[in-house]
Amino acid sequence: MNARLIRFAGLSLLLLALPAMAKEPPKKAEPIAQEGIQVPKPPFTEGIFPCTGCHDGKSMKVNTTRRALVDMHGDIELKHGPESRWCLDCHDANSRDNLHLASGEKVDFTASYKLCGQCHGDKFRDWREGIHGKRTGSWNGQKQYLLCVNCHNPHSPRFAALKPMPPPARPEAIQTRTGGAR
Amino acid sequence: MTDSKLTSLPEPSTEASGGCGLGRREFLGVGVAAVATALTGCGTLSKEEFLQHNFQELSKEEVLSVIARLEKEYKAKYGKDVKVGTTPAMPGVIFGYALDLSRCIGCRRCVHACVKENNQSRNPEVQWIRVLQLDKEEGVNLQHAEQYYNPAEVPEEGHFYMPIQCQQCKKPPCVKVCPVGATWREKDGIVVVDYNWCIGCRYCMAACPYGARHFNWGEPNLPPDQVNTDTHYLGNRPRPKGVVEKCTFCVQRTRKGLYPACVEICPTGSRKFGNLLDKTSEIRYVLENKRVFKLKEELNTQPNFFYFYGV
């Protein structure tokens, strides 16, 4: 595990150094490692993070029994496979400011795509290639990426409906103006 | 062509021609402009504008003087410093566009971002993107299309959405029919219009099978505070009355390396844009890995705009 980590760190250092060496940044190097690519902050509810603010392991004991939450987080309605899933399947019980993968490996909230990608592999693959999800910035240079959770609420991932902007005017509704045929 | 050759020749002696201290060409120019003003009723048309050649035939100096004149006119009209760019196509680039029909929810953010970016008339509002609401049961059947849908929330049950804009065809019928050569396909695949050369005959609108071209029936109603001052001669500079306009993939943005405004605004990330000649581009990934189709492929217009199912 440690050896892998060291290798990974070495590789990321190399990746970070590359832009300095070459004039253009490498386009498709290690796809979207959290290093070097601008990813916005995860959309936390205000005042909720860090979780260790309350879940410090002292004033509140860890309770790993699956249950409905009543005292806190009542606003969260789990519509993400609720039969087979609950909080601590993704949130880490012992390191509250992290998420964890199925393997138990901890991931930051800023790298939550790794967690999503465990089940939604096809979407993850497309996202890394820039096909699934929004990209802004430059088509031939630096792009800004969004996290999965910027568009999909992880507790209720269906893309939220939007109010459409106004439709075009019907031809009969267009007023005649002086100086114009219409 | 003959005319541009003539300009480089030394001026023939003026005494024999017009008199009044004017050169022959100047005299003719003023005369023609006066006649034109009388005939067209366009009092605002300057002599320089009337005598301006097709943009493709202008020399570098002529382009500079045209740009200077336009910027001066825009300053007078809008009270703003409008920058009119002439950035040419990047070598080795052909733009391609792909739209994910399985993601678009029909929210029309793109339509209005486009209007804002490209200085279209606001009232009546000219829109370069038309979003169609289609029946899932019917599939892409334009007979079942509705463009005036306006529910409280989209997407609506049983429907999907298909935005249509200029498809930037490789064989553009609109270019073929233009009687004066005021519209053409640039090297990077963008079909553009020289608004100063367009005569407003609207043949191109009749020829376009996608309804992608729009006509300024009246003086475009563009409030000065809403003018986007970053413009391109062949793109989003404010247009005069009586000319045809269309989507240019935001030529003023994309030739600088930026995404078009519609890509930038889309909340669902349905819109993908890039260089078709770049094997590592997003657009190439779509074409190589997704189910892709072209709209009205049977017409052989060969669009560089693709629809795909990202699912």
# chains A, B, ... in the order shown; residues from 1 in each chain; ligands from 1

call {"tool": "residues_around", "arguments": {"residues": "stretch 122-125 of chain B", "least_positions_apart": "5", "cutoff": "7 Å", "atoms": "only C-alpha atoms", "output": "list in words"}}
result
Ile174 of chain A; Asn221 and Leu222 of chain B

call {"tool": "write_last_selection", "arguments": {"atoms": "C-alpha atoms", "output": "short mmCIF file (atom, residue, chain, number, x, y, z; two decimals), in the first residue's frame"}}
result
data_model
loop_
_atom_site.label_atom_id
_atom_site.label_comp_id
_atom_site.auth_asym_id
_atom_site.auth_seq_id
_atom_site.Cartn_x
_atom_site.Cartn_y
_atom_site.Cartn_z
CA ILE A 174 -44.44 40.22 -32.99
CA ASN B 221 -33.25 46.39 -31.53
CA LEU B 222 -30.11 46.11 -29.42
#

call {"tool": "interface_residues", "arguments": {"of": "chain A", "to": "chain B", "cutoff": "7 Å", "atoms": "only C-alpha atoms", "output": "JSON, numbers by chain"}}
result
{"A": [129, 130, 131, 132, 133, 134, 135, 136, 137, 138, 139, 140, 161, 162, 163, 164, 165, 167, 168, 174, 179, 180, 181, 182]}

call {"tool": "write_last_selection", "arguments": {"atoms": "N, CA and C atoms", "output": "mmCIF file, in the first residue's frame"}}
result
data_model
loop_
_atom_site.group_PDB
_atom_site.id
_atom_site.type_symbol
_atom_site.label_atom_id
_atom_site.label_comp_id
_atom_site.auth_asym_id
_atom_site.auth_seq_id
_atom_site.Cartn_x
_atom_site.Cartn_y
_atom_site.Cartn_z
ATOM 1 N N GLU A 129 -13.215 11.358 -19.761
ATOM 2 C CA GLU A 129 -12.930 11.763 -21.136
ATOM 3 C C GLU A 129 -13.556 13.107 -21.483
ATOM 4 N N GLY A 130 -14.365 13.630 -20.557
ATOM 5 C CA GLY A 130 -14.986 14.933 -20.816
ATOM 6 C C GLY A 130 -16.306 14.834 -21.552
ATOM 7 N N ILE A 131 -16.909 13.653 -21.577
ATOM 8 C CA ILE A 131 -18.160 13.490 -22.316
ATOM 9 C C ILE A 131 -19.365 13.584 -21.388
ATOM 10 N N HIS A 132 -19.303 12.890 -20.263
ATOM 11 C CA HIS A 132 -20.402 13.017 -19.312
ATOM 12 C C HIS A 132 -20.128 14.230 -18.436
ATOM 13 N N GLY A 133 -21.118 15.107 -18.350
ATOM 14 C CA GLY A 133 -20.957 16.258 -17.465
ATOM 15 C C GLY A 133 -20.408 17.469 -18.164
ATOM 16 N N LYS A 134 -20.437 18.554 -17.448
ATOM 17 C CA LYS A 134 -20.132 19.853 -18.027
ATOM 18 C C LYS A 134 -18.637 20.161 -17.982
ATOM 19 N N ARG A 135 -18.138 20.750 -19.058
ATOM 20 C CA ARG A 135 -16.775 21.269 -19.117
ATOM 21 C C ARG A 135 -16.859 22.726 -19.522
ATOM 22 N N THR A 136 -16.087 23.550 -18.879
ATOM 23 C CA THR A 136 -16.014 24.936 -19.313
ATOM 24 C C THR A 136 -14.544 25.312 -19.468
ATOM 25 N N GLY A 137 -14.316 26.456 -20.090
ATOM 26 C CA GLY A 137 -12.942 26.911 -20.265
ATOM 27 C C GLY A 137 -12.543 26.916 -21.717
ATOM 28 N N SER A 138 -11.559 26.093 -22.052
ATOM 29 C CA SER A 138 -10.954 26.168 -23.365
ATOM 30 C C SER A 138 -11.013 24.812 -24.062
ATOM 31 N N TRP A 139 -11.468 24.801 -25.320
ATOM 32 C CA TRP A 139 -11.562 23.517 -26.019
ATOM 33 C C TRP A 139 -10.184 22.959 -26.361
ATOM 34 N N ASN A 140 -9.163 23.821 -26.422
ATOM 35 C CA ASN A 140 -7.834 23.300 -26.749
ATOM 36 C C ASN A 140 -6.841 23.527 -25.614
ATOM 37 N N ALA A 161 -35.171 18.983 -11.941
ATOM 38 C CA ALA A 161 -35.882 19.674 -13.014
ATOM 39 C C ALA A 161 -35.645 21.180 -12.908
ATOM 40 N N LEU A 162 -35.691 21.873 -14.040
ATOM 41 C CA LEU A 162 -35.451 23.312 -14.072
ATOM 42 C C LEU A 162 -36.642 24.029 -14.697
ATOM 43 N N LYS A 163 -36.770 25.293 -14.340
ATOM 44 C CA LYS A 163 -37.768 26.112 -15.015
ATOM 45 C C LYS A 163 -37.190 26.520 -16.368
ATOM 46 N N PRO A 164 -37.911 26.273 -17.457
ATOM 47 C CA PRO A 164 -37.341 26.654 -18.757
ATOM 48 C C PRO A 164 -37.344 28.161 -18.930
ATOM 49 N N MET A 165 -36.390 28.654 -19.701
ATOM 50 C CA MET A 165 -36.393 30.084 -20.020
ATOM 51 C C MET A 165 -37.462 30.338 -21.091
ATOM 52 N N PRO A 167 -40.010 30.873 -24.118
ATOM 53 C CA PRO A 167 -40.009 30.354 -25.486
ATOM 54 C C PRO A 167 -39.895 31.499 -26.490
ATOM 55 N N PRO A 168 -39.614 31.184 -27.752
ATOM 56 C CA PRO A 168 -39.576 32.248 -28.761
ATOM 57 C C PRO A 168 -40.969 32.845 -28.946
ATOM 58 N N ILE A 174 -45.473 39.206 -32.751
ATOM 59 C CA ILE A 174 -44.439 40.224 -32.987
ATOM 60 C C ILE A 174 -45.094 41.505 -33.489
ATOM 61 N N GLY A 179 -40.310 51.836 -39.123
ATOM 62 C CA GLY A 179 -38.946 51.637 -39.600
ATOM 63 C C GLY A 179 -38.630 50.180 -39.836
ATOM 64 N N GLY A 180 -39.548 49.282 -39.529
ATOM 65 C CA GLY A 180 -39.304 47.863 -39.752
ATOM 66 C C GLY A 180 -40.526 47.224 -40.334
ATOM 67 N N ALA A 181 -40.308 46.168 -41.118
ATOM 68 C CA ALA A 181 -41.436 45.475 -41.699
ATOM 69 C C ALA A 181 -42.212 44.742 -40.607
ATOM 70 N N ARG A 182 -41.532 44.389 -39.520
ATOM 71 C CA ARG A 182 -42.187 43.709 -38.402
ATOM 72 C C ARG A 182 -41.794 44.365 -37.122
#

call {"tool": "residues_around", "arguments": {"residues": "B:Pro303", "least_positions_apart": "6", "cutoff": "8 Å", "atoms": "only C-alpha atoms", "output": "PyMOL selection string"}}
result
chain B and resi 167-171+294-295

call {"tool": "select_by_dssp", "arguments": {"residues": "stretch 102-168 of chain B", "states": "alpha helix (DSSP H)", "output": "list of chain:residue names"}}
result
B:Arg109, B:Cys110, B:Val111, B:His112, B:Ala113, B:Cys114, B:Val115, B:Lys116, B:Glu117

call {"tool": "residues_around", "arguments": {"residues": "A:Ala102", "least_positions_apart": "4", "cutoff": "12 Å", "atoms": "only C-alpha atoms", "output": "MDAnalysis selection string"}}
result
chainID A and resid 88:92 106:107 114:119

call {"tool": "write_last_selection", "arguments": {"atoms": "C-alpha atoms", "output": "PDB file, in the first residue's frame"}}
result
ATOM      1  CA  LEU A  88     -21.984   4.734   6.627  1.00  0.00           C
ATOM      2  CA  ASP A  89     -21.742   2.859   3.340  1.00  0.00           C
ATOM      3  CA  CYS A  90     -20.197   5.995   1.887  1.00  0.00           C
ATOM      4  CA  HIS A  91     -19.350   8.218   4.879  1.00  0.00           C
ATOM      5  CA  ASP A  92     -16.484   6.908   6.976  1.00  0.00           C
ATOM      6  CA  LYS A 106     -10.533   6.675   2.422  1.00  0.00           C
ATOM      7  CA  VAL A 107     -11.192   9.395  -0.131  1.00  0.00           C
ATOM      8  CA  LYS A 114     -13.873   7.739  -7.153  1.00  0.00           C
ATOM      9  CA  LEU A 115     -16.669   6.637  -4.882  1.00  0.00           C
ATOM     10  CA  CYS A 116     -19.348   7.228  -7.524  1.00  0.00           C
ATOM     11  CA  GLY A 117     -17.225   5.476 -10.115  1.00  0.00           C
ATOM     12  CA  GLN A 118     -17.293   2.218  -8.167  1.00  0.00           C
ATOM     13  CA  CYS A 119     -20.852   1.551  -9.334  1.00  0.00           C
TER      14      CYS A 119
END

call {"tool": "closest_residue", "arguments": {"among": "A:Leu99, A:Ala169, A:Ala93, A:Cys151", "to": "A:Lys61", "atoms": "only C-alpha atoms"}}
result
A:Ala93

call {"tool": "select_by_dssp", "arguments": {"residues": "stretch 50-278 of chain B", "states": "strand (DSSP E)", "output": "JSON, numbers by chain"}}
result
{"B": [83, 84, 85, 95, 96, 97, 98, 99, 100, 130, 131, 132, 133, 134, 135, 159, 160, 161, 162, 163, 164, 183, 184, 185, 191, 192, 193, 213, 214, 215, 230, 231, 232, 244, 245, 246, 271, 272, 273, 274, 275]}

call {"tool": "residues_around", "arguments": {"residues": "A:Asn150", "least_positions_apart": "3", "cutoff": "10 Å", "atoms": "only C-alpha atoms", "output": "PyMOL selection string"}}
result
chain A and resi 40-44+133-134+145-147+153-154

call {"tool": "write_last_selection", "arguments": {"atoms": "C-alpha atoms", "output": "short mmCIF file (atom, residue, chain, number, x, y, z; two decimals), in the first residue's frame"}}
result
data_model
loop_
_atom_site.label_atom_id
_atom_site.label_comp_id
_atom_site.auth_asym_id
_atom_site.auth_seq_id
_atom_site.Cartn_x
_atom_site.Cartn_y
_atom_site.Cartn_z
CA PRO A 40 -14.73 23.18 -7.77
CA LYS A 41 -15.45 22.56 -4.11
CA PRO A 42 -18.08 19.99 -3.25
CA PRO A 43 -21.45 21.68 -2.66
CA PHE A 44 -21.83 21.33 1.11
CA GLY A 133 -20.96 16.26 -17.47
CA LYS A 134 -20.13 19.85 -18.03
CA TYR A 145 -14.43 20.12 -14.44
CA LEU A 146 -17.36 19.60 -12.15
CA LEU A 147 -17.66 16.85 -9.57
CA ASN A 153 -27.20 15.37 -5.14
CA PRO A 154 -25.55 12.18 -3.86
#

call {"tool": "atom_distance", "arguments": {"atom1": "atom CA of A:Phe49", "atom2": "atom CA of A:Phe109"}}
result
10.2 Å
